[in-house]
Every structure is written in structure tokens, then in C-alpha cells.
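Colleague: Take this structure first; my questions come after.
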Amino acid sequence: MKAILFGLLTLSLPTFAQLPLPALIPQPQSIQAGTGQFTITAKTQLAVLTPVAEVRQMVQTSLPGLRINDLAKPANNITVRLAPVANIGREGYELVVSPTGIRLTAPEAAGIFYGLQTLRQLLPAERERPGFRFTGTSVTTSKNGIIPAVVIRDQPRFGWRGMMLDVSRSFFTKEYVKQFIDLMARYKYNVFHWHLTDDQGWRIEIKSLPRLTQVGAWRAPRTGRWNNRENPVPGETQSYGGFYTQDEIREVVQYAAERQVMVVPEIDMPGHMLAAIAAYPNLTCSGKVVPIYPNGKFYKLEDNTLNPCNDSTYLFIDKVFTEIAQLFPGPYIHVGGDEAFKGFWEQCAACKPLMAANGLKNVEEIQSYFIRRVEKIVQSKGKRLIGWDEILEGGLAPNATVMSWRGMNGGIAAAKQGHPVIMTPFQNCYVDLYQGDPSAEPSTYGICRLSNSYAFEPVPDSVRTELILGGQANLWTESVPTSRHAEYMVWPRAFAIAEVLWSPKNTRNWPDFVRRVESHFSRFDVAGINYSRSYLNPYVTVQKQTTGIVEILLNHELAGIDLFYTTDNTLPDAMSPKYMQPFVFPKGADRLRVVAYRDGKPIGRMLDIPFTDLATRAR
Ligand code: ACM
């Protein structure tokens, strides 16, 4: 297997010498540019050489306006064939575009789907206009159907290429969830991790527990920065929220399946449960009645954890998972397990006898006991358990899959114990973090630049490769109030993670990736989809900060950029001081302004940072 891979990779190397190739994301396993082009016109016919209805439908959807005619001659037409291809894998495909026609071959429907996504990206950006159809009946008038000649052989590096959307902190409509899935699938993601419950809202109808959505889906309306939001006021109308009915869930699951996307539902427990507890207060140790907070300020003050020491908690979980298992045909249920504050368990009357009876020494072992019991429930519904890496603490449940988010170490530890792992370290994969200098971004926390996402390597040296199922981009939505802003946070970082998860490791090429990202921005412009250009902005780090001395470093994610700055309260341009090396911020100056130039032209936003903000930035 290694030898085969090596052969393919070396074969693909010479093609990289002839840049620029078509701007595909993710980069295919191998691509060779041909000469000339093929033009799809409204007369082009589709020969779909398989009776499989799913495949026929996806071909028709992807090439709107063209007629399926299985007797069409290959010349000047598009031939799609479901047929074996040597060493291409379940999701692989071969796509040949020549001046005389297009041929797409794959052994399974998934490969046809991915080949069609590649074909779509080979078309001009106009393809992305909503309602697009091929028009024009001659090659001279059909400029929107031009495809460069190319030979592509492609298959993914990882089987788990996920994106997570948190619909609890901010609620997103079913229509937006579908758009999110549609766009993921176009970049060859195949897992939609649906974070359906959290402290700020329960978003899935559970028929046997109606208060979960009657009460748990609604909270006080608030706007502004997450932790500046006022607590709920007694008697206030709980007017913000929403949930998905079971019919809507089935509709989304079906929509995802048509795009080769598996939906993994997450019901986060034992922590992050405040919305459920607001609906059913007896779920906690104290049974205290609590409101749903539209912020995170209640953490450790109100008990947002299930009582792990009471049998009725497990009856609740059983009811929830009975319905969840029926709604989601995929093999997994994600049970969360992250950030459970266990302080209330220490005082819990029910926990003392349980600890004694089960030989549990501390609250971590209580969580482990809880997750093991939950795993039995998950398995009794015919499903497999996934949890965040905190489920390692106190000992892993026997068949758990671990999603490593607090860096890579949880994933490494789980793999060393023989467990499957999905890598999603926040430093590379959390697309809710700042993607550029915080002074020029909507408020959030942390930092995960586009280049950090692109540098993500899911397989650490020290583990068995086959245990790393893949990775995932995660969008938490405490600071993402609208779908428009969700798009801004996701793209282009999700381009980077798509490429990490699909493309061979040694095809990664940052400058070429940036070229392709900018080409896909044009496609998004036509489609009306939002994205962020923050990687074009400068960013500032503060190196030394002793009494009164603040040393400033100016940085940029791209090479070959010139940075110009001022500290005299004027607007910088290419005649301002050019940044050469770290400098001490002048005494008395009140703000720093910085601009970036590429090839003599300004790019990105100007940074404008008050001295007081610089002084508080730690290195
Ligand atoms: C997490 O970010 N709490 C999984």
C-alpha cells in the first residue's frame, strides 16, 4: 500500500511545476492539466451509465439544464459511469475533461458526488449564481460552460471530514442548516456534527419529554457581547429561541444523505445541560428551579450538570436516546462530556452511597461511571458513543470514540489506549476564535488564523494512523448571532480544513492555497455567501512589556507583504515608516495604525489600536 501511494505522489509532483492549475479546493490527489477545453452548452447530453436513481439524481442536480440521454455518444457529451476504478477507495473518482467530452467514473455514489463537485469548481464562477442553468447552444456563445482540459484522480486522505454547528447558543433555522450542509458538501466534507443542546437552548423535539422544547428552547432575548449580556429577569418573556420538530430533523438528515453527509447528533451531558434542567429541575442533585441564562455567567454558580448518582437521570437519557436513535440513521451518538463542573456533585447526597458502592474515589471517577453507563444506553439503541476528550478523565468507556479539542493530547492518549479518535484541536479547528487581529474583528476569544487551520496535521507521530478517523472544524455560536456572521467565521478557514482532511499531506502549499482561496471568494461573491478576508490584515504582537516599555511586532500571514505604520495619530500609507523590526512604542503616543501592501497595493483592513489596548496584550 505504501509503495502504491508513493508512486502516485511522485507522479503528481511534475504537475505542480506548471502552476497555476485550476483553483480546486480541496486539492485533488493528482491533477494534470491537458490542452484545450470543453464547453458545456444547453445541447450537451448526459449519459449516466447506471440505473442507480441516487446517482442519476445527483448528476441532474449538479448540471442543471442538461438532458439525461443514456444513448448519447461520448463525443461532445458528458459520460458518468458507476464502475470499478483500481485503488480509488469508496469515495474516489476519476475525471477526464478533454476537448471532445467529459468522463466521470467512480465505483460508488460518493465518488460520483465528489467528482461532480470538482467539475462544478472547474466551471466559471457564474456557475454559482442562484438559479444557474446552462444556456446557449454553441461553443462560441456558452462562455459559462467552459471547462479546462484536465485529468484528475482523486480520493480523500481521511474518512471523517466534519463540521460542527452549535445551534444552542444561537438558533439557526432549518433552511440555514441545509445551506450549511450544502456548502460543506461542496468542499467534500462528509460529517455534519449537530450540537443540538447546550445551556442556552434545547433544540430537538423529544416527544416523550415535551418540556425540553416547550421550556428549554426559549430564553430571554439579548444582544451585545456574550458575557456582558444581562441575566434573565424574573417574569421576563422568554422570546428568543426555537427548535427542530422531528419531521424537520428527518428532512435535514435526508438532505444531508443526498450530499453524502452523515449527521451526528450531539446531546451534551452531564454538563452543559442548563436548558434541560430549566425544563426538568429534578435532573440535578439539588432539584433547584433555574432559568436559562443568555450568557455564560452562571457557570459554577448554578448547577448545569445532570445528577449522575440517581437512576432517574438514566431513565431520562434512555428516553432521549430512544428517540434520537430513531431519527438519525448514522452509527454515532455524541454525548458531549466536556467542561462538566463537578463541584455540585461533591455535596450531592445521592453521590456518597453511589461512590462507596462502586469504589469511586473522586468526582472524575463519577463522570467516568456516568459516561460508561451512558455508553451502555447508547449501545442498547444500536449506536456508538463519541465524547469530547474530557471523557478520558477517570477512565474511558470501553468502546468510546474520542473527539480531541483541548489540543492533540487527549486524542493521543485515547489512541494509545486503542480508541478511535477525531482530531479537532481548538488551535487549528475552532472557527469561532479570532481569525485576525482582535482590534479589527467582532469580539470573540482566542486565536485561530487561516494559516493555523492550514497547518493542522491530524496524525501525530506517536500513534497508529488508522485510529485517527479524521478531523473537524467547529463553529460555536456564543458570539455568532446571525447566519451571515456564521459564514464569515467559517470561510475561508473551512477551506483550509477541507484540504487538510482530503488532500495528500505533501500537496499542501500555502501560497498556492491562498491563490485558490481568492478564486473561490469570486465564486462566493456570485453566490452571495459571506466570508472573511482577515488573513489580509496585519496583526500585532507585543513582545516586551516592562515598566513603561512596550515592544511592538508587526506580522502578516502572507510572505512578501510590506507593512507601514504610524504612531503619530495620522493615517498610514506606503510613504509612512516601513516596518523592518520590532520597535519600542514611543512615549506619549496614543495609538498604533498599520496597513499592509501586496505588490504595491493596499490589502486588508487598517489596524487602529489604542496604546492602552497594546499595553494589556501579553506576548
Ligand atoms: C468544547 O469546546 N467545550 C468542546
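Each chain in the C-alpha cells gets a letter, A, B and so on, in the order shown; residues start at 1 in every chain, and ligands are counted from 1 in the order they appear.
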Which residues are near Ala109 (chain A)? Cut-off 9 Å, only C-alpha atoms, ignore same chain within fewer than 6 positions. Put them as a list in words.

Modeller: Val52, Glu54, Val55, Met58, Leu82, Arg90, Glu91 and Gln260 of chain A

Colleague: Please identify every polymer residue within 9 Å of ligand 1, using only C-alpha atoms and all ligand atoms, and present the set as a ChimeraX atom specification.

Modeller: /A:272,336-339,387-390,403-406,426,430,474,476

Colleague: Enter the distance from CA of Arg373 (chain A) to CA of Pro308 (chain A), in Å, rounded to one decimal.

Modeller: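 Answer for the CA of Arg373 (chain A) to CA of Pro308 (chain A) separation: 9.5 Å.
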
Colleague: So that I can see what lies close to Asn282 (chain A), please list as a PyMOL selection string the residues with an atom at most 9 Å from it, counting only C-alpha atoms and leaving out residues fewer than 4 positions away in the same chain.

Modeller: chain A and resi 277+286-289+306-307+312-313

Colleague: Find the residues near Lys43 (chain A): any atom within 8 Å, counting only C-alpha atoms, skip ones fewer than 5 places away on the same chain, and give them as a VMD selection string.

Modeller: chain A and resid 66 to 67 137

Colleague: Next, the residues of the selection above should be written as an mmCIF file, in the first residue's frame with all heavy atoms.

Modeller:
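Writing done, so here's out-v1.cif:
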data_model
loop_
_atom_site.group_PDB
_atom_site.id
_atom_site.type_symbol
_atom_site.label_atom_id
_atom_site.label_comp_id
_atom_site.auth_asym_id
_atom_site.auth_seq_id
_atom_site.Cartn_x
_atom_site.Cartn_y
_atom_site.Cartn_z
ATOM 1 N N LEU A 66 -29.247 20.410 -18.334
ATOM 2 C CA LEU A 66 -28.818 19.411 -19.325
ATOM 3 C C LEU A 66 -29.766 18.217 -19.284
ATOM 4 O O LEU A 66 -30.384 17.922 -18.263
ATOM 5 C CB LEU A 66 -27.383 18.956 -19.051
ATOM 6 C CG LEU A 66 -26.329 20.060 -19.038
ATOM 7 C CD1 LEU A 66 -24.939 19.448 -18.961
ATOM 8 C CD2 LEU A 66 -26.447 20.957 -20.265
ATOM 9 N N ARG A 67 -29.839 17.526 -20.426
ATOM 10 C CA ARG A 67 -30.774 16.419 -20.559
ATOM 11 C C ARG A 67 -30.036 15.097 -20.382
ATOM 12 O O ARG A 67 -28.954 14.893 -20.955
ATOM 13 C CB ARG A 67 -31.419 16.486 -21.949
ATOM 14 C CG ARG A 67 -32.669 15.636 -22.106
ATOM 15 C CD ARG A 67 -33.478 16.100 -23.314
ATOM 16 N NE ARG A 67 -32.818 15.790 -24.575
ATOM 17 C CZ ARG A 67 -32.893 14.598 -25.188
ATOM 18 N NH1 ARG A 67 -33.581 13.620 -24.647
ATOM 19 N NH2 ARG A 67 -32.267 14.391 -26.337
ATOM 20 N N THR A 137 -26.445 27.434 -27.261
ATOM 21 C CA THR A 137 -26.396 26.159 -27.973
ATOM 22 C C THR A 137 -25.135 26.027 -28.816
ATOM 23 O O THR A 137 -24.971 25.057 -29.539
ATOM 24 C CB THR A 137 -27.634 25.990 -28.877
ATOM 25 O OG1 THR A 137 -27.774 27.168 -29.662
ATOM 26 C CG2 THR A 137 -28.890 25.755 -28.054
#

Colleague: Got a sec: who's within 10 Å of Gly136 (chain A), counting only C-alpha atoms, leaving out chain neighbours fewer than 3 positions off, as a PyMOL selection string?

Modeller: chain A and resi 40-43+133+139-145

Colleague: For the residues in the current selection, export all heavy atoms as a CSV table (one decimal), in the first residue's frame.

Modeller:
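Output file result.csv follows:
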chain,number,residue,atom,x,y,z
A,40,ILE,N,-19.5,23.2,-22.2
A,40,ILE,CA,-20.9,22.6,-22.0
A,40,ILE,C,-21.9,23.6,-22.5
A,40,ILE,O,-21.8,24.8,-22.2
A,40,ILE,CB,-21.2,22.4,-20.5
A,40,ILE,CG1,-20.2,21.4,-19.9
A,40,ILE,CG2,-22.6,21.9,-20.3
A,40,ILE,CD1,-20.4,21.1,-18.4
A,41,THR,N,-22.7,23.2,-23.4
A,41,THR,CA,-23.8,24.0,-23.9
A,41,THR,C,-25.1,23.4,-23.5
A,41,THR,O,-25.1,22.3,-23.0
A,41,THR,CB,-23.8,24.2,-25.5
A,41,THR,OG1,-24.3,22.9,-26.0
A,41,THR,CG2,-22.4,24.4,-26.0
A,42,ALA,N,-26.2,24.1,-23.8
A,42,ALA,CA,-27.5,23.5,-23.5
A,42,ALA,C,-27.8,22.3,-24.3
A,42,ALA,O,-28.7,21.5,-24.0
A,42,ALA,CB,-28.6,24.6,-23.7
A,43,LYS,N,-27.0,22.0,-25.3
A,43,LYS,CA,-27.2,20.8,-26.2
A,43,LYS,C,-26.5,19.6,-25.6
A,43,LYS,O,-26.7,18.5,-26.1
A,43,LYS,CB,-26.8,21.1,-27.6
A,43,LYS,CG,-27.8,21.9,-28.4
A,43,LYS,CD,-27.5,21.9,-29.9
A,43,LYS,CE,-26.1,22.3,-30.3
A,43,LYS,NZ,-25.9,22.5,-31.7
A,133,ARG,N,-28.5,27.9,-14.8
A,133,ARG,CA,-28.7,26.8,-15.8
A,133,ARG,C,-27.8,27.0,-17.0
A,133,ARG,O,-27.5,28.1,-17.3
A,133,ARG,CB,-30.1,26.8,-16.3
A,133,ARG,CG,-31.2,26.4,-15.3
A,133,ARG,CD,-32.6,26.6,-15.8
A,133,ARG,NE,-33.0,25.5,-16.7
A,133,ARG,CZ,-33.4,24.3,-16.2
A,133,ARG,NH1,-33.4,24.1,-14.9
A,133,ARG,NH2,-33.8,23.3,-17.0
A,139,VAL,N,-20.6,26.5,-28.9
A,139,VAL,CA,-19.5,26.7,-28.0
A,139,VAL,C,-19.0,28.2,-28.0
A,139,VAL,O,-18.2,28.6,-27.2
A,139,VAL,CB,-18.3,25.8,-28.4
A,139,VAL,CG1,-18.7,24.3,-28.1
A,139,VAL,CG2,-17.9,26.0,-29.9
A,140,THR,N,-19.4,28.9,-29.0
A,140,THR,CA,-18.9,30.3,-29.0
A,140,THR,C,-19.8,31.2,-28.1
A,140,THR,O,-19.4,32.3,-27.7
A,140,THR,CB,-18.9,30.9,-30.5
A,140,THR,OG1,-20.1,30.6,-31.1
A,140,THR,CG2,-17.7,30.3,-31.2
A,141,THR,N,-21.0,30.8,-27.9
A,141,THR,CA,-21.9,31.7,-27.0
A,141,THR,C,-22.0,31.2,-25.6
A,141,THR,O,-22.6,31.8,-24.8
A,141,THR,CB,-23.3,31.7,-27.6
A,141,THR,OG1,-23.9,30.4,-27.7
A,141,THR,CG2,-23.3,32.4,-29.0
A,142,SER,N,-21.5,30.0,-25.3
A,142,SER,CA,-21.7,29.4,-24.0
A,142,SER,C,-20.5,29.6,-23.1
A,142,SER,O,-20.0,28.6,-22.6
A,142,SER,CB,-22.0,27.9,-24.2
A,142,SER,OG,-23.1,27.7,-25.0
A,143,LYS,N,-20.1,30.8,-22.8
A,143,LYS,CA,-18.9,31.0,-22.1
A,143,LYS,C,-19.0,30.5,-20.6
A,143,LYS,O,-18.0,30.2,-20.0
A,143,LYS,CB,-18.5,32.5,-22.1
A,143,LYS,CG,-19.4,33.5,-21.4
A,143,LYS,CD,-18.8,34.9,-21.6
A,143,LYS,CE,-19.5,35.9,-20.7
A,143,LYS,NZ,-21.0,35.8,-20.6
A,144,ASN,N,-20.2,30.4,-20.1
A,144,ASN,CA,-20.3,29.9,-18.7
A,144,ASN,C,-20.2,28.4,-18.6
A,144,ASN,O,-20.3,27.9,-17.5
A,144,ASN,CB,-21.7,30.4,-18.1
A,144,ASN,CG,-21.7,31.9,-18.0
A,144,ASN,OD1,-20.7,32.5,-17.7
A,144,ASN,ND2,-22.9,32.5,-18.1
A,145,GLY,N,-20.0,27.7,-19.7
A,145,GLY,CA,-19.8,26.3,-19.7
A,145,GLY,C,-18.4,25.8,-20.0
A,145,GLY,O,-18.2,24.6,-20.2

Colleague: Work out how far CA of Asn428 (chain A) is from CA of Ile447 (chain A), in Å to one decimal.

Modeller: 8.9 Å

Colleague: CA of Gly343 (chain A) and CA of Leu274 (chain A) are how many Å apart?

Modeller: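 Spanning CA of Gly343 (chain A) to CA of Leu274 (chain A) is a straight-line distance of 15.1 Å.
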
Colleague: Check the smallest atom-to-atom distance from each of A:Tyr176, A:Phe564, A:Tyr597, A:Phe192 to Met163 (chain A) using only C-alpha atoms, then report the winner.

Modeller: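 When distances to Met163 (chain A) are compared using only C-alpha atoms, the smallest one comes from A:Phe192.
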
Colleague: I need the residues in region 372-498 of chain A that are strand (DSSP E) according to DSSP; give them as a list of chain:residue names.

Modeller: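 So, restricting region 372-498 of chain A to strand (DSSP E), we get A:Arg384, A:Leu385, A:Ile386, A:Gly387, A:Trp388, A:Thr401, A:Val402, A:Met403, A:Ser404, A:Val421, A:Ile422, A:Met423, A:Ile468, A:Leu469, A:Gly470, A:Gly471, A:Gln472, A:Ala473, A:Asn474, A:Leu475.
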
Colleague: Check the smallest atom-to-atom distance from each of A:Ile609, A:Leu212, A:Val320, A:Ile181 to Pro281 (chain A) using only C-alpha atoms, then report the winner.

Modeller: A:Leu212

Colleague: Quick one: everything within 10 Å of Ala589 (chain A), counting only C-alpha atoms, minus sequence neighbours fewer than 2 positions away in the same chain. Send it as a ChimeraX atom specification.

Modeller: /A:566-569,585-587,591-592,610-611

Colleague: Would you kindly return, as an MDAnalysis selection string, each protein, DNA or RNA residue with an atom no farther than 7 Å from any atom of Ala275 (chain A), considering only C-alpha atoms and excluding same-chain residues fewer than 6 positions away?

Modeller: chainID A and resid 198:202 216 292

Colleague: Limited to N, CA, C and O atoms, could you put the picked residues into a file as a PDB file, in the first residue's frame?

Modeller:
ATOM      1  N   ASP A 198     -27.471  22.623  24.617  1.00  0.00           N
ATOM      2  CA  ASP A 198     -26.452  23.220  25.475  1.00  0.00           C
ATOM      3  C   ASP A 198     -27.183  24.042  26.526  1.00  0.00           C
ATOM      4  O   ASP A 198     -28.415  24.009  26.595  1.00  0.00           O
ATOM      5  N   ASP A 199     -26.421  24.776  27.334  1.00  0.00           N
ATOM      6  CA  ASP A 199     -27.037  25.540  28.415  1.00  0.00           C
ATOM      7  C   ASP A 199     -28.077  26.535  27.913  1.00  0.00           C
ATOM      8  O   ASP A 199     -29.052  26.817  28.603  1.00  0.00           O
ATOM      9  N   GLN A 200     -27.845  27.091  26.722  1.00  0.00           N
ATOM     10  CA  GLN A 200     -28.694  28.207  26.283  1.00  0.00           C
ATOM     11  C   GLN A 200     -29.874  27.790  25.422  1.00  0.00           C
ATOM     12  O   GLN A 200     -30.620  28.646  24.945  1.00  0.00           O
ATOM     13  N   GLY A 201     -30.077  26.501  25.214  1.00  0.00           N
ATOM     14  CA  GLY A 201     -31.264  26.092  24.460  1.00  0.00           C
ATOM     15  C   GLY A 201     -31.229  24.624  24.076  1.00  0.00           C
ATOM     16  O   GLY A 201     -30.179  24.101  23.700  1.00  0.00           O
ATOM     17  N   TRP A 202     -32.395  23.981  24.200  1.00  0.00           N
ATOM     18  CA  TRP A 202     -32.562  22.585  23.760  1.00  0.00           C
ATOM     19  C   TRP A 202     -33.302  22.653  22.430  1.00  0.00           C
ATOM     20  O   TRP A 202     -34.399  23.206  22.361  1.00  0.00           O
ATOM     21  N   GLY A 216     -37.274  24.493  27.382  1.00  0.00           N
ATOM     22  CA  GLY A 216     -35.816  24.518  27.174  1.00  0.00           C
ATOM     23  C   GLY A 216     -35.374  25.191  25.895  1.00  0.00           C
ATOM     24  O   GLY A 216     -34.184  25.491  25.746  1.00  0.00           O
ATOM     25  N   ILE A 292     -32.954  29.835  32.084  1.00  0.00           N
ATOM     26  CA  ILE A 292     -31.900  29.699  31.061  1.00  0.00           C
ATOM     27  C   ILE A 292     -31.187  31.040  30.954  1.00  0.00           C
ATOM     28  O   ILE A 292     -31.821  32.076  30.765  1.00  0.00           O
TER      29      ILE A 292
END

Colleague: With DSSP run on the backbone, what are the helix (DSSP H, G or I) residues within region 219-331 of chain A? I'd like them as a PyMOL selection string.

Modeller: chain A and resi 226-228+246-257+274-279+281-283+311-327
